$ cat my_file.csv   # CSV, C-alpha atoms
chain,number,residue,atom,x,y,z
A,1,MET,CA,0.0,0.0,0.0
A,2,ALA,CA,1.4,3.4,-1.0
A,3,ASP,CA,2.6,5.8,1.7
A,4,LYS,CA,0.2,8.8,1.9
A,5,LYS,CA,3.2,11.1,2.4
A,6,HIS,CA,4.9,9.7,-0.7
A,7,PRO,CA,2.2,9.1,-3.3
A,8,ILE,CA,3.1,6.8,-6.2
A,9,ASN,CA,2.2,7.8,-9.7
A,10,MET,CA,0.5,5.3,-11.9
A,11,ALA,CA,1.8,4.8,-15.4
A,12,VAL,CA,-1.3,3.7,-17.4
A,13,GLY,CA,-0.8,1.8,-20.6
A,14,ASP,CA,-2.6,-0.8,-22.6
A,15,GLY,CA,-2.1,-3.3,-19.7
A,16,ALA,CA,-2.6,-3.0,-16.0
A,17,ALA,CA,-1.6,0.2,-14.1
A,18,ILE,CA,2.0,0.0,-13.0
A,19,PRO,CA,3.2,2.1,-10.0
A,20,VAL,CA,6.1,4.3,-10.8
A,21,LYS,CA,8.1,6.2,-8.2
A,22,LYS,CA,9.2,9.8,-8.8
A,23,ASP,CA,12.4,9.9,-10.9
A,24,LYS,CA,14.8,11.7,-8.6
A,25,GLY,CA,17.5,11.4,-11.2
A,26,LEU,CA,15.6,13.6,-13.6
A,27,VAL,CA,15.3,16.3,-10.9
A,28,ASN,CA,19.1,16.1,-10.3
A,29,ALA,CA,19.7,16.2,-14.0
A,30,TRP,CA,17.6,19.4,-14.3
A,31,SER,CA,19.4,21.0,-11.3
A,32,ILE,CA,22.8,20.2,-12.7
A,33,SER,CA,21.9,21.5,-16.2
A,34,PHE,CA,20.3,24.7,-14.8
A,35,VAL,CA,23.0,25.5,-12.3
A,36,GLY,CA,25.7,24.6,-14.9
A,37,ALA,CA,24.2,26.9,-17.5
A,38,VAL,CA,23.8,29.8,-15.2
A,39,GLY,CA,27.2,29.2,-13.8
A,40,CYS,CA,28.7,29.2,-17.3
A,41,ILE,CA,27.1,32.5,-18.1
A,42,ILE,CA,28.4,34.1,-14.9
A,43,TYR,CA,31.9,32.7,-15.3
A,44,LEU,CA,32.2,33.7,-19.0
A,45,CYS,CA,30.9,37.2,-18.2
A,46,LEU,CA,33.4,37.6,-15.4
A,47,SER,CA,36.4,36.0,-17.2
A,48,ASP,CA,35.9,38.0,-20.4
A,49,PRO,CA,33.5,40.9,-19.8
A,50,ASP,CA,34.6,42.8,-23.0
A,51,MET,CA,33.2,40.0,-25.1
A,52,TYR,CA,30.7,37.8,-23.3
A,53,TRP,CA,29.1,40.5,-21.2
A,54,GLU,CA,28.7,42.6,-24.3
A,55,VAL,CA,27.0,39.8,-26.0
A,56,LEU,CA,24.7,39.3,-23.1
A,57,LYS,CA,23.8,43.0,-23.0
A,58,PHE,CA,23.0,42.7,-26.7
A,59,LEU,CA,20.4,40.0,-26.3
A,60,PRO,CA,17.5,41.3,-24.1
A,61,ASP,CA,15.7,42.9,-27.0
A,62,GLY,CA,15.9,39.5,-28.8
A,63,ILE,CA,14.6,37.7,-25.7
A,64,LEU,CA,11.5,40.0,-25.6
A,65,VAL,CA,10.8,39.4,-29.3
A,66,THR,CA,11.2,35.6,-28.9
A,67,PHE,CA,8.6,35.6,-26.1
A,68,GLN,CA,6.3,37.9,-28.2
A,69,VAL,CA,6.5,35.5,-31.1
A,70,THR,CA,6.1,32.4,-28.9
A,71,ILE,CA,3.2,33.7,-26.8
A,72,ALA,CA,1.3,35.1,-29.8
A,73,SER,CA,1.9,31.8,-31.8
A,74,ILE,CA,0.8,29.6,-28.9
A,75,PHE,CA,-2.5,31.5,-28.5
A,76,LEU,CA,-3.1,31.3,-32.3
A,77,SER,CA,-2.3,27.6,-32.3
A,78,LEU,CA,-4.6,26.9,-29.3
A,79,PHE,CA,-7.5,28.7,-31.2
A,80,ILE,CA,-6.8,26.7,-34.3
A,81,GLY,CA,-6.2,23.5,-32.4
A,82,LEU,CA,-9.5,23.7,-30.5
A,83,PHE,CA,-11.6,23.9,-33.7
A,84,THR,CA,-9.3,21.3,-35.4
A,85,GLY,CA,-9.8,18.9,-32.6
A,86,LEU,CA,-13.5,19.4,-32.6
A,87,GLY,CA,-13.5,18.9,-36.3
A,88,ARG,CA,-11.6,15.7,-36.0
A,89,ILE,CA,-14.2,14.2,-33.8
A,90,SER,CA,-17.2,15.7,-35.7
A,91,ASP,CA,-19.9,13.4,-37.1
A,92,ASN,CA,-20.1,15.7,-40.1
A,93,LYS,CA,-18.0,14.0,-42.8
A,94,ILE,CA,-17.2,17.3,-44.5
A,95,ILE,CA,-15.9,19.0,-41.4
A,96,ASN,CA,-14.1,15.9,-40.3
A,97,THR,CA,-12.4,15.6,-43.7
A,98,ILE,CA,-11.4,19.2,-43.8
A,99,ALA,CA,-9.9,19.1,-40.3
A,100,SER,CA,-8.1,15.8,-40.9
A,101,THR,CA,-6.7,17.0,-44.2
A,102,TYR,CA,-5.4,20.2,-42.6
A,103,VAL,CA,-3.6,18.1,-39.9
A,104,GLU,CA,-2.0,15.7,-42.5
A,105,VAL,CA,-0.9,18.5,-44.9
A,106,VAL,CA,0.5,20.9,-42.3
A,107,ARG,CA,2.3,18.2,-40.3
A,108,GLY,CA,3.8,16.9,-43.6
A,109,ILE,CA,5.5,20.3,-44.4
A,110,PRO,CA,8.5,21.5,-42.4
A,111,LEU,CA,8.0,24.6,-40.4
A,112,LEU,CA,10.9,26.4,-42.2
A,113,VAL,CA,9.2,25.8,-45.5
A,114,GLN,CA,5.9,27.2,-44.1
A,115,LEU,CA,7.8,30.3,-42.9
A,116,PHE,CA,9.2,30.8,-46.4
A,117,TYR,CA,5.9,30.1,-48.1
A,118,ILE,CA,3.9,32.6,-46.1
A,119,TYR,CA,6.5,35.4,-46.2
A,120,TYR,CA,8.1,35.0,-49.6
A,121,ALA,CA,5.8,32.8,-51.8
A,122,LEU,CA,2.5,34.5,-50.8
A,123,GLY,CA,4.2,37.8,-50.7
A,124,ARG,CA,4.2,38.0,-54.5
A,125,PHE,CA,0.4,38.7,-54.3
A,126,LYS,CA,-0.3,42.3,-53.4
A,127,TYR,CA,-3.1,41.6,-50.9
A,128,LEU,CA,-1.2,38.8,-49.2
A,129,GLN,CA,2.0,40.7,-48.4
A,130,ILE,CA,2.6,40.5,-44.6
A,131,SER,CA,5.5,41.9,-42.7
A,132,GLU,CA,8.1,39.7,-41.0
A,133,LEU,CA,6.7,39.4,-37.4
A,134,PRO,CA,3.1,38.7,-38.4
A,135,SER,CA,4.3,36.2,-41.0
A,136,ALA,CA,6.3,34.4,-38.4
A,137,ILE,CA,3.4,34.3,-35.9
A,138,ILE,CA,0.9,33.1,-38.5
A,139,ALA,CA,3.3,30.4,-39.8
A,140,MET,CA,4.1,29.0,-36.4
A,141,GLY,CA,0.5,29.3,-35.2
A,142,VAL,CA,-0.8,27.4,-38.3
A,143,CYS,CA,2.0,24.7,-38.0
A,144,TYR,CA,1.5,24.1,-34.3
A,145,GLY,CA,-2.3,24.4,-34.6
A,146,ALA,CA,-2.2,21.0,-36.3
A,147,TYR,CA,-0.4,19.4,-33.4
A,148,MET,CA,-2.6,21.2,-30.9
A,149,GLY,CA,-5.6,19.7,-32.8
A,150,GLU,CA,-4.4,16.2,-31.9
A,151,VAL,CA,-3.8,17.3,-28.3
A,152,PHE,CA,-7.4,18.6,-28.0
A,153,ARG,CA,-8.8,15.5,-29.8
A,154,ALA,CA,-7.0,13.1,-27.4
A,155,GLY,CA,-8.1,15.1,-24.4
A,156,ILE,CA,-11.7,15.1,-25.5
A,157,MET,CA,-11.6,11.4,-26.3
A,158,SER,CA,-10.2,10.7,-22.9
A,159,ILE,CA,-13.5,11.7,-21.2
A,160,ASP,CA,-15.9,8.9,-20.6
A,161,LYS,CA,-18.9,9.0,-23.0
A,162,GLY,CA,-21.2,8.7,-20.0
A,163,GLN,CA,-20.4,12.3,-19.1
A,164,GLY,CA,-21.9,13.5,-22.4
A,165,GLU,CA,-24.8,11.2,-22.2
A,166,ALA,CA,-25.6,12.5,-18.7
A,167,ALA,CA,-25.4,16.1,-19.9
A,168,ARG,CA,-27.7,15.4,-22.8
A,169,SER,CA,-30.2,13.7,-20.4
A,170,LEU,CA,-30.3,16.9,-18.4
A,171,GLY,CA,-31.3,18.9,-21.5
A,172,PHE,CA,-27.9,20.1,-22.8
A,173,ASN,CA,-27.5,20.3,-26.5
A,174,LYS,CA,-24.2,19.2,-28.2
A,175,THR,CA,-22.5,22.6,-28.0
A,176,GLN,CA,-23.4,23.1,-24.4
A,177,THR,CA,-22.3,19.6,-23.5
A,178,MET,CA,-18.9,20.1,-25.2
A,179,PHE,CA,-18.1,23.5,-23.8
A,180,MET,CA,-19.7,23.2,-20.4
A,181,VAL,CA,-19.1,19.5,-19.5
A,182,ILE,CA,-16.5,17.8,-21.7
A,183,LEU,CA,-13.8,20.5,-22.3
A,184,PRO,CA,-13.6,21.6,-18.7
A,185,GLN,CA,-12.9,18.0,-17.6
A,186,SER,CA,-10.4,17.4,-20.4
A,187,TRP,CA,-8.1,20.3,-19.4
A,188,LYS,CA,-6.3,18.1,-17.0
A,189,THR,CA,-5.3,15.9,-19.9
A,190,ILE,CA,-4.7,18.7,-22.3
A,191,LEU,CA,-2.6,21.1,-20.2
A,192,PRO,CA,0.6,19.1,-19.8
A,193,PRO,CA,1.1,18.4,-23.5
A,194,VAL,CA,0.2,22.1,-24.2
A,195,GLY,CA,3.1,23.1,-21.9
A,196,ASN,CA,5.4,20.8,-23.8
A,197,GLU,CA,4.3,22.2,-27.1
A,198,PHE,CA,5.0,25.7,-25.7
A,199,ILE,CA,8.6,24.8,-25.0
A,200,ALA,CA,9.0,23.2,-28.4
A,201,LEU,CA,7.5,26.3,-30.0
A,202,LEU,CA,9.9,28.6,-28.2
A,203,LYS,CA,12.9,26.6,-29.4
A,204,ASP,CA,11.5,26.5,-33.0
A,205,SER,CA,11.0,30.3,-32.8
A,206,SER,CA,14.7,30.5,-33.6
A,207,LEU,CA,13.8,29.8,-37.2
A,208,VAL,CA,12.1,33.2,-37.5
A,209,SER,CA,15.5,34.8,-37.5
A,210,ILE,CA,15.6,33.8,-41.2
A,211,LEU,CA,12.8,36.3,-41.9
A,212,ALA,CA,14.9,39.1,-40.2
A,213,VAL,CA,12.9,39.0,-37.0
A,214,ALA,CA,15.2,40.3,-34.3
A,215,ASP,CA,14.9,37.3,-31.9
A,216,ILE,CA,17.6,35.9,-29.7
A,217,LEU,CA,19.4,34.1,-32.5
A,218,ARG,CA,19.1,37.1,-34.9
A,219,ARG,CA,20.6,39.4,-32.3
A,220,GLY,CA,23.5,37.0,-31.7
A,221,ARG,CA,24.1,36.8,-35.4
A,222,GLU,CA,24.1,40.6,-35.7
A,223,PHE,CA,26.7,40.8,-32.9
A,224,ALA,CA,28.8,38.1,-34.5
A,225,SER,CA,28.7,39.7,-37.9
A,226,VAL,CA,30.1,43.0,-36.5
A,227,THR,CA,32.7,41.6,-34.1
A,228,PHE,CA,33.4,38.3,-36.0
A,229,SER,CA,33.2,36.7,-32.5
A,230,TYR,CA,31.1,33.8,-33.7
A,231,PHE,CA,32.1,31.4,-30.9
A,232,GLU,CA,31.4,33.8,-28.1
A,233,ALA,CA,28.1,35.0,-29.6
A,234,TYR,CA,26.6,31.6,-30.3
A,235,THR,CA,27.9,30.2,-27.0
A,236,MET,CA,26.0,32.8,-25.1
A,237,VAL,CA,22.9,32.4,-27.4
A,238,ALA,CA,22.9,28.7,-26.7
A,239,LEU,CA,23.2,29.2,-22.9
A,240,VAL,CA,20.4,31.8,-22.8
A,241,TYR,CA,18.1,29.4,-24.8
A,242,LEU,CA,19.1,26.6,-22.4
A,243,VAL,CA,18.3,28.6,-19.3
A,244,ILE,CA,14.9,29.7,-20.6
A,245,THR,CA,13.8,26.2,-21.8
A,246,LEU,CA,14.9,24.7,-18.5
A,247,MET,CA,12.9,27.2,-16.5
A,248,LEU,CA,9.8,26.5,-18.7
A,249,SER,CA,10.3,22.7,-18.4
A,250,LYS,CA,10.4,23.0,-14.6
A,251,ALA,CA,7.2,25.1,-14.7
A,252,VAL,CA,5.5,22.4,-16.8
A,253,SER,CA,6.8,19.7,-14.5
A,254,LYS,CA,5.3,21.5,-11.5
A,255,MET,CA,2.0,21.9,-13.3
A,256,GLU,CA,1.9,18.2,-14.0
A,257,GLU,CA,2.7,17.4,-10.4
A,258,ARG,CA,-0.1,19.7,-9.2
A,259,LEU,CA,-2.6,18.0,-11.6
A,260,ASN,CA,-1.5,14.6,-10.4
A,261,TYR,CA,-1.8,15.7,-6.8
A,262,TYR,CA,-5.4,16.8,-7.3
A,263,ASP,CA,-6.2,13.6,-9.1
A,264,GLN,CA,-5.1,11.6,-6.1
A,265,ILE,CA,-7.2,13.6,-3.6
$ encode --input "my_file.csv" --output "structure tokens"
Amino acid sequence: MADKKHPINMAVGDGAAIPVKKDKGLVNAWSISFVGAVGCIIYLCLSDPDMYWEVLKFLPDGILVTFQVTIASIFLSLFIGLFTGLGRISDNKIINTIASTYVEVVRGIPLLVQLFYIYYALGRFKYLQISELPSAIIAMGVCYGAYMGEVFRAGIMSIDKGQGEAARSLGFNKTQTMFMVILPQSWKTILPPVGNEFIALLKDSSLVSILAVADILRRGREFASVTFSYFEAYTMVALVYLVITLMLSKAVSKMEERLNYYDQI
């Protein structure tokens, strides 16, 4: 019997539930990586302030742009993903086919190609010319919307059908049942993978530098092109990305632990 002070998580697969203890090695690995990355940044800035400190001072504007692109893209992808997921489980064959085709097509084209297509290819048409930042947000939102659609579909499908039947018996229509009964319950399943997609999207946002969007990578490239200090510039860029993604991964991990805690109550 599990100790109440040390609850055991259950890994559920196709077979029976298997108790899995918390992986302390993973926590240690995160701590080592985070402290090591921060320590490297501090050491490099102190050992060679004329170079590494100057690079670090050059990056804050890029960090802000990276988060702007990431946050705007994640909201757009959530909006697209919600309706895509609903379309994927729709009984209407036309809607289901459109949603499924969107997922298959978008997931089959690399994000970099989608960035080029929206900014350069569609830019040849006068009414479809979009500036760099909106193009980057649209491309990433559309790309990740396909993946979010599968997240929403899986989350909705995880809810027992009896919940919907009970709601319908109380007089709820299909729309009310979905948005007032099914979706609120499915958030516990949906939120963790959404957090992971957020981290993946932040890392993929480095691709927008190709469109001359002044993100972290672009700012590092600009510094290197002026000083020819490519090693120093890209080392600092890599460490900054590492620190940000480690912080976000820890936040996602805490969120999953909180959800698991409430499930066990």
$ closest_residue --input "my_file.csv" --among "A:Ala214, A:Met180, A:Ile42, A:Cys143" --to "A:Gly62" --atoms "only C-alpha atoms"
A:Ala214
$ residues_near_point --input "my_file.csv" --point "(-2.6, 27.2, -36.8)" --cutoff "6 Å" --atoms "all atoms listed in the file" --output "list of chain:residue names"
A:Ser77, A:Ile80, A:Gly141, A:Val142, A:Cys143, A:Tyr144, A:Gly145
$ residues_around --input "my_file.csv" --residues "stretch 149-166 of chain A" --least-positions-apart "5" --cutoff "8 Å" --atoms "all atoms listed in the file" --output "VMD selection string"
chain A and resid 80 to 86 88 to 89 103 177 to 178 181 to 183 185 to 187 189 to 190 193 to 194
$ closest_residue --input "my_file.csv" --among "A:Leu170, A:Ile130, A:Asn92, A:Leu217" --to "A:Tyr230" --atoms "all atoms listed in the file"
A:Leu217
$ closest_residue --input "my_file.csv" --among "A:Asn173, A:Ile210, A:Tyr127, A:Ala146" --to "A:Val113" --atoms "all atoms listed in the file"
A:Ile210
$ atom_distance --input "my_file.csv" --atom1 "atom CA of A:Ile63" --atom2 "atom CA of A:Ile216"
5.3 Å
$ closest_residue --input "my_file.csv" --among "A:Gly171, A:Gly36, A:Gly220, A:Gly195" --to "A:Lys57" --atoms "all atoms listed in the file"
A:Gly220
$ residues_around --input "my_file.csv" --residues "A:Ala233" --least-positions-apart "6" --cutoff "12 Å" --atoms "only C-alpha atoms" --output "JSON, numbers by chain"
{"A": [41, 44, 45, 51, 52, 53, 54, 55, 56, 57, 58, 59, 216, 217, 218, 219, 220, 221, 222, 223, 224, 225, 226, 227, 239, 240]}
$ decode --input "my_file.csv" --residues "stretch 214-249 of chain A" --atoms "N, CA, C and O atoms" --output "compact mmCIF listing (two decimals), in the first residue's frame"
# COMPACT_ATOMS: atom_id res chain seq x y z
N ALA A 214 14.05 40.07 -35.21
CA ALA A 214 15.17 40.26 -34.29
C ALA A 214 14.98 39.47 -33.00
O ALA A 214 14.86 40.05 -31.91
N ASP A 215 14.97 38.14 -33.10
CA ASP A 215 14.86 37.30 -31.91
C ASP A 215 16.25 37.09 -31.31
O ASP A 215 17.21 37.75 -31.70
N ILE A 216 16.35 36.14 -30.38
CA ILE A 216 17.63 35.90 -29.70
C ILE A 216 18.71 35.51 -30.70
O ILE A 216 19.83 36.04 -30.69
N LEU A 217 18.40 34.55 -31.57
CA LEU A 217 19.39 34.08 -32.53
C LEU A 217 19.80 35.19 -33.50
O LEU A 217 20.98 35.34 -33.84
N ARG A 218 18.83 35.97 -33.95
CA ARG A 218 19.13 37.06 -34.89
C ARG A 218 20.03 38.10 -34.24
O ARG A 218 20.98 38.59 -34.87
N ARG A 219 19.76 38.44 -32.98
CA ARG A 219 20.60 39.41 -32.28
C ARG A 219 22.02 38.87 -32.10
O ARG A 219 23.00 39.61 -32.25
N GLY A 220 22.13 37.57 -31.79
CA GLY A 220 23.45 36.98 -31.68
C GLY A 220 24.19 37.00 -33.00
O GLY A 220 25.40 37.26 -33.05
N ARG A 221 23.47 36.75 -34.09
CA ARG A 221 24.08 36.78 -35.41
C ARG A 221 24.53 38.19 -35.77
O ARG A 221 25.59 38.37 -36.38
N GLU A 222 23.73 39.18 -35.41
CA GLU A 222 24.11 40.57 -35.70
C GLU A 222 25.38 40.96 -34.95
O GLU A 222 26.26 41.62 -35.51
N PHE A 223 25.48 40.53 -33.68
CA PHE A 223 26.68 40.83 -32.90
C PHE A 223 27.90 40.16 -33.51
O PHE A 223 28.96 40.76 -33.64
N ALA A 224 27.73 38.89 -33.91
CA ALA A 224 28.85 38.14 -34.48
C ALA A 224 29.29 38.71 -35.81
O ALA A 224 30.49 38.73 -36.13
N SER A 225 28.34 39.21 -36.62
CA SER A 225 28.69 39.74 -37.93
C SER A 225 29.49 41.04 -37.82
O SER A 225 30.25 41.38 -38.74
N VAL A 226 29.32 41.75 -36.71
CA VAL A 226 30.05 43.00 -36.51
C VAL A 226 31.41 42.75 -35.88
O VAL A 226 32.42 43.33 -36.27
N THR A 227 31.46 41.87 -34.88
CA THR A 227 32.70 41.63 -34.13
C THR A 227 33.48 40.42 -34.64
O THR A 227 34.64 40.24 -34.25
N PHE A 228 32.86 39.58 -35.47
CA PHE A 228 33.45 38.33 -35.96
C PHE A 228 33.74 37.35 -34.81
O PHE A 228 34.54 36.44 -34.96
N SER A 229 33.07 37.55 -33.68
CA SER A 229 33.24 36.66 -32.52
C SER A 229 32.12 35.63 -32.53
O SER A 229 31.22 35.65 -31.68
N TYR A 230 32.16 34.74 -33.50
CA TYR A 230 31.08 33.78 -33.67
C TYR A 230 31.00 32.79 -32.51
O TYR A 230 29.90 32.44 -32.07
N PHE A 231 32.13 32.33 -32.03
CA PHE A 231 32.13 31.37 -30.92
C PHE A 231 31.49 31.97 -29.68
O PHE A 231 30.63 31.35 -29.05
N GLU A 232 31.92 33.16 -29.32
CA GLU A 232 31.40 33.81 -28.11
C GLU A 232 29.91 34.12 -28.24
O GLU A 232 29.13 33.89 -27.31
N ALA A 233 29.52 34.64 -29.40
CA ALA A 233 28.13 35.04 -29.59
C ALA A 233 27.19 33.84 -29.54
O ALA A 233 26.19 33.84 -28.81
N TYR A 234 27.52 32.79 -30.29
CA TYR A 234 26.62 31.64 -30.34
C TYR A 234 26.68 30.79 -29.07
O TYR A 234 25.71 30.11 -28.73
N THR A 235 27.81 30.84 -28.35
CA THR A 235 27.87 30.17 -27.04
C THR A 235 26.90 30.81 -26.08
O THR A 235 26.14 30.14 -25.37
N MET A 236 26.88 32.14 -26.05
CA MET A 236 25.98 32.85 -25.15
C MET A 236 24.52 32.66 -25.57
O MET A 236 23.63 32.50 -24.73
N VAL A 237 24.26 32.67 -26.87
CA VAL A 237 22.90 32.44 -27.36
C VAL A 237 22.41 31.05 -26.93
O VAL A 237 21.27 30.90 -26.45
N ALA A 238 23.26 30.04 -27.08
CA ALA A 238 22.88 28.68 -26.70
C ALA A 238 22.59 28.57 -25.21
O ALA A 238 21.62 27.94 -24.78
N LEU A 239 23.42 29.23 -24.39
CA LEU A 239 23.22 29.18 -22.94
C LEU A 239 21.95 29.90 -22.52
O LEU A 239 21.24 29.44 -21.62
N VAL A 240 21.64 31.02 -23.16
CA VAL A 240 20.41 31.75 -22.84
C VAL A 240 19.19 30.92 -23.20
O VAL A 240 18.23 30.82 -22.42
N TYR A 241 19.21 30.30 -24.37
CA TYR A 241 18.11 29.41 -24.75
C TYR A 241 17.97 28.26 -23.75
O TYR A 241 16.85 27.89 -23.36
N LEU A 242 19.09 27.70 -23.32
CA LEU A 242 19.07 26.58 -22.39
C LEU A 242 18.44 26.99 -21.06
O LEU A 242 17.60 26.26 -20.52
N VAL A 243 18.82 28.14 -20.54
CA VAL A 243 18.27 28.61 -19.26
C VAL A 243 16.76 28.83 -19.38
O VAL A 243 15.99 28.42 -18.50
N ILE A 244 16.33 29.45 -20.46
CA ILE A 244 14.89 29.72 -20.64
C ILE A 244 14.10 28.43 -20.75
O ILE A 244 13.06 28.26 -20.10
N THR A 245 14.56 27.50 -21.57
CA THR A 245 13.82 26.24 -21.75
C THR A 245 13.83 25.39 -20.49
O THR A 245 12.82 24.72 -20.19
N LEU A 246 14.91 25.42 -19.73
CA LEU A 246 14.95 24.68 -18.47
C LEU A 246 13.96 25.26 -17.46
O LEU A 246 13.28 24.51 -16.74
N MET A 247 13.86 26.58 -17.41
CA MET A 247 12.89 27.21 -16.51
C MET A 247 11.46 26.84 -16.90
O MET A 247 10.62 26.54 -16.04
N LEU A 248 11.18 26.86 -18.19
CA LEU A 248 9.84 26.51 -18.65
C LEU A 248 9.54 25.04 -18.42
O LEU A 248 8.41 24.68 -18.06
N SER A 249 10.53 24.17 -18.64
CA SER A 249 10.30 22.74 -18.42
C SER A 249 10.03 22.46 -16.95
O SER A 249 9.22 21.57 -16.62
